[in-house]
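Peer 1: Supplied in structure tokens, the structure appears directly below.
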Amino acid sequence: MAYETVIGLEVHLQLKTKSKVFCGCSTAFGAPPNAQTCPVCLGFPGSLPVLNRQALMLAAKVAIALNCQIAKKIRFDRKNYFYPDLPKAFQISQFDQPLSQHGYLPVSIDGKEKRIKIRRVHLEEDTGKLFHQKDCSLIDFNRSGTPLLEIVSEPDINSPEDAYAYLTSIKSLLQYIDVSDCNMEEGSLRCDANISLRKPGAKELGVKAEIKNMNSFKAVKAALEYEQARQAGLLDSGKEIVQETRLYDAAKDVTESMRSKEEAHDYRYFPEPDLVPFDFEQALLKDIKSSIPELPGPRKKRFMADYHISDYDAAVMVGDKAMADYFEKCISIHKKPKEIANWLMGDVSAYMKEKNLTIDDLNLKWAHLTGMLKMIDDGIISGKIAKTLLIEMIQTGKAPAQLVKDKGLEQISDAGTIEKAVAEAIAENPGIVSDFKGGKQNAIMALMGKVMAKTKGKANPKKVNEALMKRLKGAV
Amino acid sequence: MAITKDTVKYVANLARIGLDDKELGDFTKQLDRILEYVHKIKKLDVSKLEPTSHVLEMKNVYREDRVKDSLPASEAMKNAPAKEGNLFKVKKIIGV
Amino acid sequence: MELNKLTAHELIGILNKGDILPIDICNTLIGAVRKKDQGINAVVHFDDKKPVERCKALGNDKSGALWGIPIFIKDNICVKDELTTCSSNILEGFRPPYNATVIDKLLCSGAVLMGKTNMDEFAFGSSTETSCYGATRNPWDPERIPGGSSGGSAACVAADEAIFALGSDTGGSIRQPASLCGVVGLKPTYGRVSRYGLIAFASSLDQIGPIAKDVEDAALLLKVIAGHDDMDSTSVDMPVPDYPALIKQDIKGLKIGVPKEYFIKGIDPEVKQAVRSAIDKIEKMGAVCEDMSLPHTEYAVAVYYLVATAEASSNLARFDGVQYGMRPGQVTSVIDMHKKTRQQGFGSEAKRRIILGTFALSSGYYDAYYSRALKVRTLIKRDFDEAFKKYDAILTPTSPTPAFKIGEKVEDPLTMYLSDIFTISANLAGIPCVSIPCGFTKAGLPVGLQILGKAFDEETVLKIAHHYEQATDWHKRRPLT
């Protein structure tokens, strides 16, 4: 039987602040164990939290970018539970007055834009990190107190593919607004999923399972696919779904019940008495709003409209903000968007991929790239030479004109030189010439190759072609 | 009865406090008496009242995003009942 | 001259003249503690080498307000590398890696830290009987309790083992023991003194404050410890007045309210008599006293024991055997470790309060208990807001009875809780409040007068206290120890 799949995603995002959310310890990744801790983030008795303003500003930036309404009064609550990675045995979080609610994220699904609703976005503190050994567990509190944003979607996603698209879109958006490293391997972005099935048209949601322990977007998709099939199988055979937390095992590609013996959760939320409320004044919200750049969704639409590039090209260009910015800088002086996009998606991306670099890491000034494109247009270099020249520019950082001059890469358009090379080629290859005359039109390409070899690839192909035709036809 | 043994047991479990039978019995009786007393607040109409979780009308207290010195790890670990290197140590946790 | 019997402001005068050195005072106190404390049990962590070293290291720069003056600290205030245990087994051996802000301020002012004083475990109590180190005895009658929870601080000051001391007050823990020991105790306005480094009982109610032999010393100590701290979000950014100077200003014409709800039946007649006489005296000194009402007073104890225990249940959850404190040897799992640590580490009263507070916050009971209590707290606060539109201060007894016998209320938590009935409201409303000696019962037990003031108006309550004190000699009487 076919079921409707209902998925809600909870994204946890470490915000890119220098210091932790309630103390001055560094948030830098990779320090030795417990070297970035203090009485506050270790939960020592007597210590007190003080809010890092920047964490709240970044949180608000995300909320606004996700079209959420920001609460007038921000309050923090204590979420009480015992776990060895939670040093105070409560987490400072937000309960009934979260930072923001009721937003949406536009996601492109099958070429159509769908708005996935965001239920809430709230700020909390991260926990420490557990390392499970054979006979014990060890705890490092360096991560404890890192600002963590929880972004909860409505159960608005209908397939594992859509979940994947949602995650890709949200990651792109978060990178646009520069609030997080969004690195799933380092744990700066984490995702849990709720999934349930119901009969098509049913109003009530089915019993859901919460899936944890996915460490990539692909894993989220795979876990949801497994879970979707598992639940469908149970329902088909008339069995009931148990509401539970399941862990994804990437090696086996299955989800497994946590079978936690822990008592039912009763977090006993109450207002955190050690912090005072924060009021967002209109002026501050305006400042945050104005710090948000054009987001990927609108930008893609604009690229298609203004630059007349395809949906696919526009999606690739806006997917990475740095790439999109680079693209637009190029267009500002070289008004051939399609040509620029082709180079960026082609040779430039190939090089980046090979060397595992981002466009910002790449030693390629956008003025150099456009300079090179102009030289092609002006007939100074050939497109073929340009491919070599691009690599030279990246490796040396030198301007294209300089390299062309130094290496003598200019295209040869001088009629005399071309005439001479053409005459030689014809004289040296009577066989090819007779093929041509015998009606083999393609034989002209072989003669082209001979001329190019004589000019080290620099002859202007159009002019060579003209000269060859003239000679060969004239000789008929 | 304002509170039963079962509730005390449930709550003690939430608070992760082990209780022996005598404690459970004594606490149930004592808490029952205290709650009977506390029930006097039920007489009042509180429907139009805002809760006072804080007496001060303070708001927007924050710090700027600047890194301060952390404790040396050895200081952080100094009071640990069990450790391995500079990591705190507990019994193995099952699950994640 | 017995230096231990002097006040800080007297000692400062003598030190400034150069007649004595800090080490002389320190040695006198060490002697007094050795001689007297066995019978009182006010001091729980005392290593006499430390204050002696500190005196030697002080040098000659006398610019600090408390240069060379020794002070005792309640055992719930963190002192770097020194035992700080809240008189609880669960914090056995705990030496914090940092100083409370008040400790840094004291050290900056040149004070000499003498040691840690006994208290009810985690400040849960009104008698200092719930300490893991045993009860502190009242210097006026060793069969009786000194009050609590800062009983150790009050008793060591009363017994002249100390010049003055720091206590903490969540529902009367400075004022009630001060009253029962015949000394001065001040709870500042919530937010006046940084709580950073005070091991929290109830975060929205706790304040650190002085316990001293006279009002001038309390003012002096308050001036040193008060002020904004960027480590405590609830510490208020306001200038600190010059309390020792301000308390000398006239009190003529001040309007003072006397709430009828504090003279109910159940109050000890001798206490009532002493407080009434004190009010008459203050009236004769030029203040205008008037009967008035704080109508929601009767709900204060109920509200307090829900709000304070709810916050405490969360604040004390961190004592779970992982990062510090005790952990039982044999445990089978992490949950077992949590349960056994807390079962063995906490005493009965701590467990009782944590369970009560957990209950008040738990799902299904939150609205009926915790949330409702916070709303009634609004009514109690409003009573004071209204009263202070009309009055500059309010006078009441500090405690309904003088010191009771050790063991008398220990088995009966509710009766014990009701002994805080007059002190709790000030914490719920966050206002400043001082207790000063105002007489003795026939049996020779001290009685305290409580003076409540507007938020951040410590100077007015201290001023009234100082003028009354100067016109009487209750504060000069000392127990025979």
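Identifiers in the structure tokens: chain A, B, ... in order shown; residue index from 1 per chain; ligand index from 1 in order shown.
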Once you count only C-alpha atoms, which residues of chain B turn out to be within 12 Å of chain A? Could you give them as a PyMOL selection string?

Peer 2: chain B and resi 10-17+51-80+82-96

Peer 1: Skip C:Met326 itself and residues of its chain fewer than 6 positions away, then list as a PyMOL selection string all residues within 9 Å of it, counting only C-alpha atoms.

Peer 2: (chain B and resi 80-81) or (chain C and resi 89-94+319-320+341+345)

Peer 1: Would you kindly report the residues of chain C within 6 Å of chain A, using only C-alpha atoms, as a PyMOL selection string?

Peer 2: chain C and resi 196-200+203-204+233+317-318+361-362

Peer 1: May I have the selected residues written with C-alpha atoms, as a PDB file, in the first residue's frame?

Peer 2:
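Below is the file out-v6.pdb, written as the result:
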ATOM      1  CA  TYR C 196      29.331  35.075  41.329  1.00  0.00           C
ATOM      2  CA  GLY C 197      31.004  32.377  43.390  1.00  0.00           C
ATOM      3  CA  LEU C 198      28.163  32.022  45.871  1.00  0.00           C
ATOM      4  CA  ILE C 199      27.067  28.396  45.576  1.00  0.00           C
ATOM      5  CA  ALA C 200      23.466  28.914  44.613  1.00  0.00           C
ATOM      6  CA  SER C 203      19.150  32.126  42.352  1.00  0.00           C
ATOM      7  CA  SER C 204      16.318  34.666  42.346  1.00  0.00           C
ATOM      8  CA  SER C 233      23.950  39.248  34.892  1.00  0.00           C
ATOM      9  CA  ALA C 317      21.345  18.867  40.143  1.00  0.00           C
ATOM     10  CA  ARG C 318      24.979  19.450  39.156  1.00  0.00           C
ATOM     11  CA  LEU C 361       8.275  21.899  38.656  1.00  0.00           C
ATOM     12  CA  SER C 362       7.214  18.525  37.367  1.00  0.00           C
TER      13      SER C 362
END

Peer 1: Pick out the residues sitting within 10 Å of B:Ser47, and hand them over as a list in words; count only C-alpha atoms, and ignore anything fewer than 2 positions along from it in its own chain.

Peer 2: Leu44, Asp45, Leu49 and Glu50 of chain B; Arg372 and Lys375 of chain C

Peer 1: Write the residues of the preceding selection, restricted to N, CA and C atoms, as a PDB file, in the first residue's frame.

Peer 2:
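Below is the file that was written, again16.pdb:
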ATOM      1  N   LEU B  44      -6.239  32.088  46.568  1.00  0.00           N
ATOM      2  CA  LEU B  44      -6.158  33.390  45.898  1.00  0.00           C
ATOM      3  C   LEU B  44      -6.517  33.282  44.423  1.00  0.00           C
ATOM      4  N   ASP B  45      -7.148  34.324  43.925  1.00  0.00           N
ATOM      5  CA  ASP B  45      -7.416  34.391  42.490  1.00  0.00           C
ATOM      6  C   ASP B  45      -6.171  34.961  41.804  1.00  0.00           C
ATOM      7  N   LEU B  49      -2.802  37.784  37.274  1.00  0.00           N
ATOM      8  CA  LEU B  49      -1.468  38.155  37.743  1.00  0.00           C
ATOM      9  C   LEU B  49      -0.367  37.630  36.824  1.00  0.00           C
ATOM     10  N   GLU B  50       0.658  38.451  36.647  1.00  0.00           N
ATOM     11  CA  GLU B  50       1.856  37.998  35.948  1.00  0.00           C
ATOM     12  C   GLU B  50       2.778  37.340  36.982  1.00  0.00           C
TER      13      GLU B  50
ATOM     14  N   ARG C 372       1.833  29.159  40.104  1.00  0.00           N
ATOM     15  CA  ARG C 372       0.933  29.877  41.001  1.00  0.00           C
ATOM     16  C   ARG C 372       1.732  30.619  42.076  1.00  0.00           C
ATOM     17  N   LYS C 375       3.019  33.823  40.860  1.00  0.00           N
ATOM     18  CA  LYS C 375       1.979  34.848  40.750  1.00  0.00           C
ATOM     19  C   LYS C 375       1.646  35.441  42.109  1.00  0.00           C
TER      20      LYS C 375
END

Peer 1: Write out as a PyMOL selection string all residues of stretch 195-432 of chain C that DSSP puts in strand (DSSP E or B) for this structure's backbone.

Peer 2: chain C and resi 198+207-212+226+255-259+288-292+393-397+405

Peer 1: Please write the residues from the selection above to a file, keeping N, CA and C atoms, as an mmCIF file, in the first residue's frame.

Peer 2:
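Below is the file that was written, out-v4.cif:
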data_model
loop_
_atom_site.group_PDB
_atom_site.id
_atom_site.type_symbol
_atom_site.label_atom_id
_atom_site.label_comp_id
_atom_site.auth_asym_id
_atom_site.auth_seq_id
_atom_site.Cartn_x
_atom_site.Cartn_y
_atom_site.Cartn_z
ATOM 1 N N LEU C 198 29.022 32.477 44.769
ATOM 2 C CA LEU C 198 28.163 32.022 45.871
ATOM 3 C C LEU C 198 27.471 30.751 45.370
ATOM 4 N N GLN C 207 21.349 36.465 48.313
ATOM 5 C CA GLN C 207 22.263 37.607 48.363
ATOM 6 C C GLN C 207 23.309 37.357 49.427
ATOM 7 N N ILE C 208 24.512 37.837 49.165
ATOM 8 C CA ILE C 208 25.588 37.792 50.160
ATOM 9 C C ILE C 208 25.496 39.071 50.986
ATOM 10 N N GLY C 209 25.772 38.989 52.276
ATOM 11 C CA GLY C 209 25.749 40.205 53.091
ATOM 12 C C GLY C 209 26.598 40.057 54.338
ATOM 13 N N PRO C 210 26.809 41.189 55.030
ATOM 14 C CA PRO C 210 27.669 41.194 56.212
ATOM 15 C C PRO C 210 26.941 40.791 57.507
ATOM 16 N N ILE C 211 27.697 40.171 58.391
ATOM 17 C CA ILE C 211 27.270 39.960 59.776
ATOM 18 C C ILE C 211 28.354 40.599 60.638
ATOM 19 N N ALA C 212 27.954 41.545 61.496
ATOM 20 C CA ALA C 212 28.943 42.362 62.186
ATOM 21 C C ALA C 212 28.493 42.694 63.600
ATOM 22 N N ALA C 226 29.853 45.506 47.647
ATOM 23 C CA ALA C 226 28.769 45.869 46.728
ATOM 24 C C ALA C 226 29.317 46.324 45.383
ATOM 25 N N LYS C 255 9.393 58.489 57.516
ATOM 26 C CA LYS C 255 8.097 57.829 57.731
ATOM 27 C C LYS C 255 8.287 56.325 57.777
ATOM 28 N N ILE C 256 7.830 55.736 58.869
ATOM 29 C CA ILE C 256 8.086 54.309 59.078
ATOM 30 C C ILE C 256 6.776 53.560 59.297
ATOM 31 N N GLY C 257 6.618 52.462 58.590
ATOM 32 C CA GLY C 257 5.416 51.636 58.723
ATOM 33 C C GLY C 257 5.662 50.454 59.648
ATOM 34 N N VAL C 258 4.618 50.101 60.407
ATOM 35 C CA VAL C 258 4.695 48.938 61.290
ATOM 36 C C VAL C 258 3.544 48.001 60.904
ATOM 37 N N PRO C 259 3.868 46.931 60.157
ATOM 38 C CA PRO C 259 2.796 46.085 59.619
ATOM 39 C C PRO C 259 2.163 45.196 60.689
ATOM 40 N N VAL C 288 8.554 59.107 62.164
ATOM 41 C CA VAL C 288 7.101 59.024 62.328
ATOM 42 C C VAL C 288 6.665 57.580 62.060
ATOM 43 N N CYS C 289 6.245 56.885 63.127
ATOM 44 C CA CYS C 289 5.869 55.479 62.974
ATOM 45 C C CYS C 289 4.357 55.351 62.922
ATOM 46 N N GLU C 290 3.915 54.396 62.085
ATOM 47 C CA GLU C 290 2.481 54.294 61.847
ATOM 48 C C GLU C 290 2.127 52.822 61.594
ATOM 49 N N ASP C 291 1.021 52.378 62.157
ATOM 50 C CA ASP C 291 0.581 51.008 61.869
ATOM 51 C C ASP C 291 0.088 50.929 60.437
ATOM 52 N N MET C 292 0.360 49.842 59.800
ATOM 53 C CA MET C 292 -0.066 49.665 58.409
ATOM 54 C C MET C 292 -0.224 48.177 58.142
ATOM 55 N N ALA C 393 10.665 53.245 55.458
ATOM 56 C CA ALA C 393 11.151 51.966 55.977
ATOM 57 C C ALA C 393 10.020 51.273 56.725
ATOM 58 N N ILE C 394 10.233 49.996 56.994
ATOM 59 C CA ILE C 394 9.244 49.195 57.709
ATOM 60 C C ILE C 394 9.955 48.483 58.863
ATOM 61 N N LEU C 395 9.319 48.485 60.041
ATOM 62 C CA LEU C 395 9.927 47.827 61.201
ATOM 63 C C LEU C 395 9.113 46.602 61.606
ATOM 64 N N THR C 396 9.813 45.510 61.890
ATOM 65 C CA THR C 396 9.156 44.274 62.345
ATOM 66 C C THR C 396 10.124 43.518 63.251
ATOM 67 N N PRO C 397 9.624 42.497 63.937
ATOM 68 C CA PRO C 397 10.574 41.585 64.583
ATOM 69 C C PRO C 397 11.303 40.797 63.493
ATOM 70 N N LYS C 405 15.733 25.396 71.266
ATOM 71 C CA LYS C 405 16.691 24.371 71.683
ATOM 72 C C LYS C 405 17.171 23.532 70.491
#

Peer 1: Within 12 Å of C:Lys442, counting only C-alpha atoms, which residues qualify if same-chain residues fewer than 6 places away don't, as JSON, numbers by chain?

Peer 2: {"C": [269, 270, 271, 273, 274, 402]}

Peer 1: Save the residues we just selected, N, CA and C atoms, as a PDB file, in the first residue's frame?

Peer 2:
ATOM      1  N   PRO C 269       5.859  36.721  73.504  1.00  0.00           N
ATOM      2  CA  PRO C 269       5.518  38.024  74.122  1.00  0.00           C
ATOM      3  C   PRO C 269       6.739  38.874  74.443  1.00  0.00           C
ATOM      4  N   GLU C 270       7.813  38.223  74.810  1.00  0.00           N
ATOM      5  CA  GLU C 270       9.016  39.007  75.140  1.00  0.00           C
ATOM      6  C   GLU C 270       9.626  39.631  73.876  1.00  0.00           C
ATOM      7  N   VAL C 271       9.526  38.898  72.780  1.00  0.00           N
ATOM      8  CA  VAL C 271      10.014  39.431  71.505  1.00  0.00           C
ATOM      9  C   VAL C 271       9.160  40.637  71.116  1.00  0.00           C
ATOM     10  N   GLN C 273       7.378  42.545  72.982  1.00  0.00           N
ATOM     11  CA  GLN C 273       7.635  43.649  73.909  1.00  0.00           C
ATOM     12  C   GLN C 273       8.913  44.411  73.521  1.00  0.00           C
ATOM     13  N   ALA C 274       9.976  43.658  73.258  1.00  0.00           N
ATOM     14  CA  ALA C 274      11.267  44.286  72.929  1.00  0.00           C
ATOM     15  C   ALA C 274      11.160  45.087  71.629  1.00  0.00           C
ATOM     16  N   PRO C 402      12.810  33.824  70.311  1.00  0.00           N
ATOM     17  CA  PRO C 402      14.275  33.788  70.475  1.00  0.00           C
ATOM     18  C   PRO C 402      14.795  32.395  70.106  1.00  0.00           C
TER      19      PRO C 402
END

Peer 1: Compare C:Arg137, C:Lys340, C:Lys74, C:Lys476 by their minimum atom-to-atom distance to chain B, counting only C-alpha atoms, and give me the closest one.

Peer 2: C:Lys340

Peer 1: Record the distance separating atom CA of B:Ile41 and atom CA of C:Gln176, expressed in Å with one decimal.

Peer 2: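 Taking atom CA of B:Ile41 as the start and atom CA of C:Gln176 as the end point, the length is 24.6 Å.
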
Peer 1: Quick one: everything within 7 Å of C:Glu261, counting only C-alpha atoms, minus sequence neighbours fewer than 2 positions away in the same chain. Send it as a list in words.

Peer 2: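 Contacts, in chain order: Pro259, Phe263, Ile264, Ser293, Leu294 and Thr297 of chain C.
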
Peer 1: Calculate how many Å separate atom CA of C:Glu161 from atom CA of C:Thr117, rounding to one decimal.

Peer 2: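 Computing the Euclidean distance for atom CA of C:Glu161 and atom CA of C:Thr117 yields 11.0 Å.
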
Peer 1: Ranking B:Met1, B:Val46, B:Leu24, B:Lys9 by minimum distance to chain C and counting only C-alpha atoms, which one comes first?

Peer 2: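 Closest to chain C of all the choices is B:Val46.
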
Peer 1: Figure out the distance between atom CA of A:Thr455 and atom CA of A:Gln411, please, to one decimal in Å.

Peer 2: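 Straight-line distance from atom CA of A:Gln411 to atom CA of A:Thr455 works out to 9.2 Å.
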
Peer 1: Of the candidates C:Cys433, C:Arg352, C:Tyr365, C:His475, which one gets nearest to B:Asp26 if we count only C-alpha atoms?

Peer 2: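 That would be C:Arg352, the residue with the smallest distance to B:Asp26.
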
Peer 1: Select, from B:Ile34, B:Lys22, B:Thr28, B:Lys43, the residue with the minimum atom-to-atom distance to B:Asp6, counting only C-alpha atoms.

Peer 2: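 Answer, going by the shortest atom-to-atom distance: B:Thr28.
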
Peer 1: I want to know what sits within 9 Å of C:Tyr369, based on only C-alpha atoms, with residues of the same chain fewer than 3 positions away left out; could you give that as number ranges by chain?

Peer 2: B: 38-39, 41-42; C: 303, 306-307, 359-361, 365-366, 372-374

Peer 1: Take the residues from that selection and put them in a file with N, CA and C atoms, as a JSON list (two decimals), in the first residue's frame.

Peer 2:
[["chain", "number", "residue", "atom", "x", "y", "z"],
["B", 38, "VAL", "N", 0.99, 24.54, 52.11],
["B", 38, "VAL", "CA", 1.23, 25.36, 50.92],
["B", 38, "VAL", "C", -0.07, 25.60, 50.14],
["B", 39, "HIS", "N", -1.01, 24.70, 50.30],
["B", 39, "HIS", "CA", -2.27, 24.83, 49.57],
["B", 39, "HIS", "C", -3.03, 26.11, 49.86],
["B", 41, "ILE", "N", -2.16, 28.90, 49.11],
["B", 41, "ILE", "CA", -2.07, 29.81, 47.96],
["B", 41, "ILE", "C", -3.17, 29.53, 46.94],
["B", 42, "LYS", "N", -3.84, 28.40, 47.08],
["B", 42, "LYS", "CA", -4.93, 28.08, 46.15],
["B", 42, "LYS", "C", -6.15, 28.95, 46.38],
["C", 303, "VAL", "N", 4.79, 30.49, 49.42],
["C", 303, "VAL", "CA", 5.39, 30.87, 48.14],
["C", 303, "VAL", "C", 6.88, 30.54, 48.15],
["C", 306, "LEU", "N", 8.01, 26.93, 47.76],
["C", 306, "LEU", "CA", 7.85, 26.39, 46.40],
["C", 306, "LEU", "C", 8.90, 26.98, 45.46],
["C", 307, "VAL", "N", 9.03, 28.30, 45.48],
["C", 307, "VAL", "CA", 9.96, 28.96, 44.55],
["C", 307, "VAL", "C", 11.41, 28.59, 44.88],
["C", 359, "PHE", "N", 9.15, 18.25, 42.52],
["C", 359, "PHE", "CA", 7.70, 18.06, 42.44],
["C", 359, "PHE", "C", 7.00, 19.32, 41.93],
["C", 360, "ALA", "N", 7.37, 20.47, 42.50],
["C", 360, "ALA", "CA", 6.70, 21.73, 42.14],
["C", 360, "ALA", "C", 6.90, 22.09, 40.67],
["C", 361, "LEU", "N", 7.99, 21.58, 40.06],
["C", 361, "LEU", "CA", 8.28, 21.90, 38.66],
["C", 361, "LEU", "C", 7.82, 20.81, 37.70],
["C", 365, "TYR", "N", 2.15, 19.33, 37.78],
["C", 365, "TYR", "CA", 2.06, 20.08, 39.04],
["C", 365, "TYR", "C", 2.57, 21.51, 38.90],
["C", 366, "TYR", "N", 3.25, 21.79, 37.80],
["C", 366, "TYR", "CA", 3.89, 23.09, 37.58],
["C", 366, "TYR", "C", 2.92, 24.25, 37.76],
["C", 372, "ARG", "N", 1.83, 29.16, 40.10],
["C", 372, "ARG", "CA", 0.93, 29.88, 41.00],
["C", 372, "ARG", "C", 1.73, 30.62, 42.08],
["C", 373, "ALA", "N", 2.76, 29.97, 42.58],
["C", 373, "ALA", "CA", 3.58, 30.62, 43.62],
["C", 373, "ALA", "C", 4.22, 31.90, 43.08],
["C", 374, "LEU", "N", 4.67, 31.86, 41.82],
["C", 374, "LEU", "CA", 5.28, 33.07, 41.24],
["C", 374, "LEU", "C", 4.26, 34.19, 41.10]]
